[in-house]
Amino acid sequence: MVGELIFVTQVAPYTDGPAGVHGVLDQAATAAAQLGGMHDLDTVVVADVAGLDADRLAIARALGLFTIGETPWRPDQRRVILERLRSGDLAVLAVHSAADACYGWEEYGVIVGARFDGHPWTQTMDLAVVDPDHPATAHLGETWRWHDEVYQFRDLRPDARVLLRVPPGQLDRGAPGARQPEFGYPIAWCVEEGAGRVFTTALGHFPAAWESPAYLRHLHGGLTWALATTGGH
């Protein structure tokens with residue numbers, strides 16, 4: 001192995017109350033080990049960042065985030081993540097609820113590309129493949145039939161490269177909490193932050209996702225793209 005994928009699965013409270021615990025975290029950790037191995041990376045699963053040494057972050061090639069709530073990153077950890085991402089030495093893979101985390105860390109929203117703004121819907125949908133040339137979506141065809149929570153977002157980065165989108169006609173606009181963002185309903189995207197890369201997908205709530213080769217190829221393609229600046233293959 002030629003490096004590490006640090007995969008963080010921490011469940012932390014929000015500032016105003018507890019966060020929900022995802023039942024698929026063990027499945028996700030198993031998948032992360034498989035994905036890391038496909039890139040010659042050892043996968044280290046971290047359930048509490050309090051025990052994560054900043055020196056370890058300083059040599060990792062990839063950081064995977066399946067977090068929720070106010071992940072208690074220390075200032076030294078935040079600094080290393082930002083510096084290494086922006087220098088192109090650290091790839092970031094943000095999964096499902098990672099966009100619903102770290103509201104107290106302003107730059108975190110820039111890293112993952114948008115902020116969670118509720119999930120009014122849970123349903124089967126025909127996702128529009130916006131970018132069929134990206135490694136995360138090249139295997140999907142023009143549409144991808146999928147069942148999941150549908151997140152809506154705010155503060156999507158204007159330079160985000162949207163990969164998957166929920167066609168608005170498939171959503172009940174009258175659902176409690178539903179809004180119509182001007183950028184629609186992106187569900188997966190990627191961004192470049194400095195010389196580094198971040199891949200974000202809001203999919204992955206249910207166990208079936210982690211049993212799906214198509215979904216795992218989606219993650220693998222995203223990680224492949226993000227690792228390109230770090231010498232990944």
# chains A, B, ... in the order shown; residues from 1 in each chain; ligands from 1
call {"tool": "select_by_dssp", "arguments": {"residues": "region 1-231 of chain A", "states": "alpha helix (DSSP H)", "output": "ChimeraX atom specification"}}
result
/A:25-37,54-57,75-86,106-112,207-210,213-227
call {"tool": "write_last_selection", "arguments": {"atoms": "C-alpha atoms", "output": "tab-separated table (two decimals), in the first residue's frame"}}
result
chain	number	residue	atom	x	y	z
A	25	LEU	CA	-21.98	3.00	8.77
A	26	ASP	CA	-20.50	-0.50	9.13
A	27	GLN	CA	-21.40	-1.26	5.51
A	28	ALA	CA	-19.87	2.03	4.44
A	29	ALA	CA	-16.66	1.25	6.32
A	30	THR	CA	-16.42	-2.12	4.57
A	31	ALA	CA	-16.96	-0.43	1.21
A	32	ALA	CA	-14.36	2.22	2.02
A	33	ALA	CA	-11.79	-0.50	2.69
A	34	GLN	CA	-12.57	-2.02	-0.70
A	35	LEU	CA	-12.36	1.34	-2.47
A	36	GLY	CA	-9.13	2.21	-0.74
A	37	GLY	CA	-7.59	-1.11	-1.68
A	54	ALA	CA	-3.03	15.76	12.83
A	55	ASP	CA	0.28	14.16	11.81
A	56	ARG	CA	-1.68	11.27	10.34
A	57	LEU	CA	-3.84	13.67	8.35
A	75	PRO	CA	-8.00	23.77	14.83
A	76	ASP	CA	-4.82	21.85	13.97
A	77	GLN	CA	-6.83	19.20	12.11
A	78	ARG	CA	-8.79	21.83	10.19
A	79	ARG	CA	-5.59	23.60	9.19
A	80	VAL	CA	-3.96	20.42	7.89
A	81	ILE	CA	-7.07	19.39	5.93
A	82	LEU	CA	-7.40	22.77	4.24
A	83	GLU	CA	-3.69	23.18	3.51
A	84	ARG	CA	-3.26	19.69	2.07
A	85	LEU	CA	-6.47	19.83	0.05
A	86	ARG	CA	-5.58	23.20	-1.44
A	106	GLU	CA	-17.44	28.05	7.79
A	107	GLU	CA	-14.87	26.72	5.34
A	108	TYR	CA	-16.30	23.22	5.57
A	109	GLY	CA	-19.23	24.24	3.39
A	110	VAL	CA	-16.74	25.39	0.78
A	111	ILE	CA	-14.95	22.04	0.96
A	112	VAL	CA	-18.02	19.85	0.43
A	207	PRO	CA	-28.47	-0.56	3.04
A	208	ALA	CA	-29.31	-1.43	-0.57
A	209	ALA	CA	-26.91	1.29	-1.75
A	210	TRP	CA	-23.98	-0.43	-0.11
A	213	PRO	CA	-22.23	-2.38	-7.60
A	214	ALA	CA	-23.56	0.65	-9.50
A	215	TYR	CA	-23.46	2.80	-6.38
A	216	LEU	CA	-20.03	1.55	-5.36
A	217	ARG	CA	-18.76	2.31	-8.87
A	218	HIS	CA	-20.22	5.80	-8.41
A	219	LEU	CA	-18.08	6.24	-5.28
A	220	HIS	CA	-15.04	4.62	-6.86
A	221	GLY	CA	-15.24	6.93	-9.85
A	222	GLY	CA	-15.55	9.95	-7.59
A	223	LEU	CA	-12.56	8.89	-5.54
A	224	THR	CA	-10.58	8.17	-8.68
A	225	TRP	CA	-11.25	11.68	-9.94
A	226	ALA	CA	-10.39	13.29	-6.59
A	227	LEU	CA	-7.15	11.35	-6.23
call {"tool": "residues_around", "arguments": {"residues": "region 145-157 of chain A", "least_positions_apart": "4", "cutoff": "7 Å", "atoms": "only C-alpha atoms", "output": "list in words"}}
result
Gly113, Ala114, Arg115, Phe116, Asp117, Gly118, His119, Pro120, Trp121, Thr122, Gln123, Thr124, Met125, Asp126, Leu127, Tyr185, Ala202, Leu203, His205 and Phe206 of chain A
call {"tool": "write_last_selection", "arguments": {"atoms": "N, CA and C atoms", "output": "tab-separated table (two decimals), in the first residue's frame"}}
result
chain	number	residue	atom	x	y	z
A	113	GLY	N	-18.91	21.73	-0.86
A	113	GLY	CA	-19.55	22.32	-2.03
A	113	GLY	C	-20.94	22.88	-1.84
A	114	ALA	N	-21.62	22.53	-0.76
A	114	ALA	CA	-22.97	23.03	-0.49
A	114	ALA	C	-23.34	22.67	0.94
A	115	ARG	N	-24.43	23.25	1.39
A	115	ARG	CA	-24.95	22.94	2.72
A	115	ARG	C	-26.32	22.26	2.60
A	116	PHE	N	-26.49	21.24	3.39
A	116	PHE	CA	-27.78	20.53	3.50
A	116	PHE	C	-28.89	21.50	3.89
A	117	ASP	N	-30.06	21.33	3.27
A	117	ASP	CA	-31.20	22.21	3.56
A	117	ASP	C	-32.49	21.39	3.65
A	118	GLY	N	-32.38	20.22	4.25
A	118	GLY	CA	-33.55	19.38	4.45
A	118	GLY	C	-33.66	18.25	3.44
A	119	HIS	N	-34.44	17.22	3.80
A	119	HIS	CA	-34.74	16.16	2.83
A	119	HIS	C	-36.24	15.87	2.88
A	120	PRO	N	-37.00	16.67	2.14
A	120	PRO	CA	-38.46	16.54	2.17
A	120	PRO	C	-38.99	15.25	1.57
A	121	TRP	N	-38.15	14.54	0.79
A	121	TRP	CA	-38.63	13.40	0.04
A	121	TRP	C	-37.77	12.17	0.29
A	122	THR	N	-38.40	11.02	0.27
A	122	THR	CA	-37.73	9.73	0.18
A	122	THR	C	-38.50	8.94	-0.86
A	123	GLN	N	-37.84	8.58	-1.96
A	123	GLN	CA	-38.60	7.99	-3.06
A	123	GLN	C	-37.69	7.35	-4.09
A	124	THR	N	-38.31	6.63	-5.00
A	124	THR	CA	-37.63	6.13	-6.19
A	124	THR	C	-37.71	7.20	-7.26
A	125	MET	N	-36.62	7.38	-7.97
A	125	MET	CA	-36.55	8.47	-8.96
A	125	MET	C	-35.66	8.04	-10.11
A	126	ASP	N	-35.79	8.75	-11.21
A	126	ASP	CA	-34.91	8.57	-12.36
A	126	ASP	C	-33.95	9.75	-12.39
A	127	LEU	N	-32.78	9.57	-11.80
A	127	LEU	CA	-31.81	10.64	-11.73
A	127	LEU	C	-31.30	10.98	-13.12
A	185	TYR	N	-32.03	20.68	-8.07
A	185	TYR	CA	-31.83	19.62	-7.09
A	185	TYR	C	-30.64	18.73	-7.47
A	202	ALA	N	-24.86	12.86	-2.33
A	202	ALA	CA	-25.84	12.82	-1.25
A	202	ALA	C	-26.51	11.45	-1.13
A	203	LEU	N	-26.20	10.54	-2.03
A	203	LEU	CA	-26.82	9.22	-2.02
A	203	LEU	C	-26.13	8.30	-1.01
A	205	HIS	N	-28.19	6.47	1.77
A	205	HIS	CA	-28.85	6.35	3.07
A	205	HIS	C	-29.22	4.92	3.43
A	206	PHE	N	-29.63	4.13	2.45
A	206	PHE	CA	-30.21	2.82	2.73
A	206	PHE	C	-29.20	1.68	2.51
call {"tool": "closest_residue", "arguments": {"among": "A:Ala58, A:Trp73, A:Gln10, A:Glu211", "to": "Trp105 (chain A)", "atoms": "only C-alpha atoms"}}
result
A:Trp73
call {"tool": "residues_around", "arguments": {"residues": "Val191 (chain A)", "least_positions_apart": "3", "cutoff": "7 Å", "atoms": "only C-alpha atoms", "output": "list in words"}}
result
Gly113, Asp159, Ala160, Arg161, Arg197, Val198 and Phe199 of chain A
call {"tool": "write_last_selection", "arguments": {"atoms": "C-alpha atoms", "output": "mmCIF file, in the first residue's frame"}}
result
data_model
loop_
_atom_site.group_PDB
_atom_site.id
_atom_site.type_symbol
_atom_site.label_atom_id
_atom_site.label_comp_id
_atom_site.auth_asym_id
_atom_site.auth_seq_id
_atom_site.Cartn_x
_atom_site.Cartn_y
_atom_site.Cartn_z
ATOM 1 C CA GLY A 113 -19.551 22.318 -2.032
ATOM 2 C CA ASP A 159 -18.166 26.479 -9.752
ATOM 3 C CA ALA A 160 -19.541 23.073 -8.704
ATOM 4 C CA ARG A 161 -19.576 20.560 -11.551
ATOM 5 C CA ARG A 197 -10.378 17.959 -5.590
ATOM 6 C CA VAL A 198 -13.558 17.031 -3.698
ATOM 7 C CA PHE A 199 -16.289 14.607 -4.790
#
call {"tool": "select_by_dssp", "arguments": {"residues": "region 14-121 of chain A", "states": "strand (DSSP E or B)", "output": "MDAnalysis selection string"}}
result
chainID A and resid 14 17 42:46 62:65 68:69 91:95 101 115:116 121
call {"tool": "closest_residue", "arguments": {"among": "A:Gly51, A:Gly104, A:Gly69, A:Gly231", "to": "Pro18 (chain A)", "atoms": "only C-alpha atoms"}}
result
A:Gly69
call {"tool": "closest_residue", "arguments": {"among": "A:Ala228, A:Val24, A:Leu93, A:Ile68", "to": "Leu5 (chain A)", "atoms": "only C-alpha atoms"}}
result
A:Leu93
call {"tool": "closest_residue", "arguments": {"among": "A:Pro168, A:Gly88, A:Gly184, A:Gly17", "to": "Glu70 (chain A)", "atoms": "only C-alpha atoms"}}
result
A:Gly17
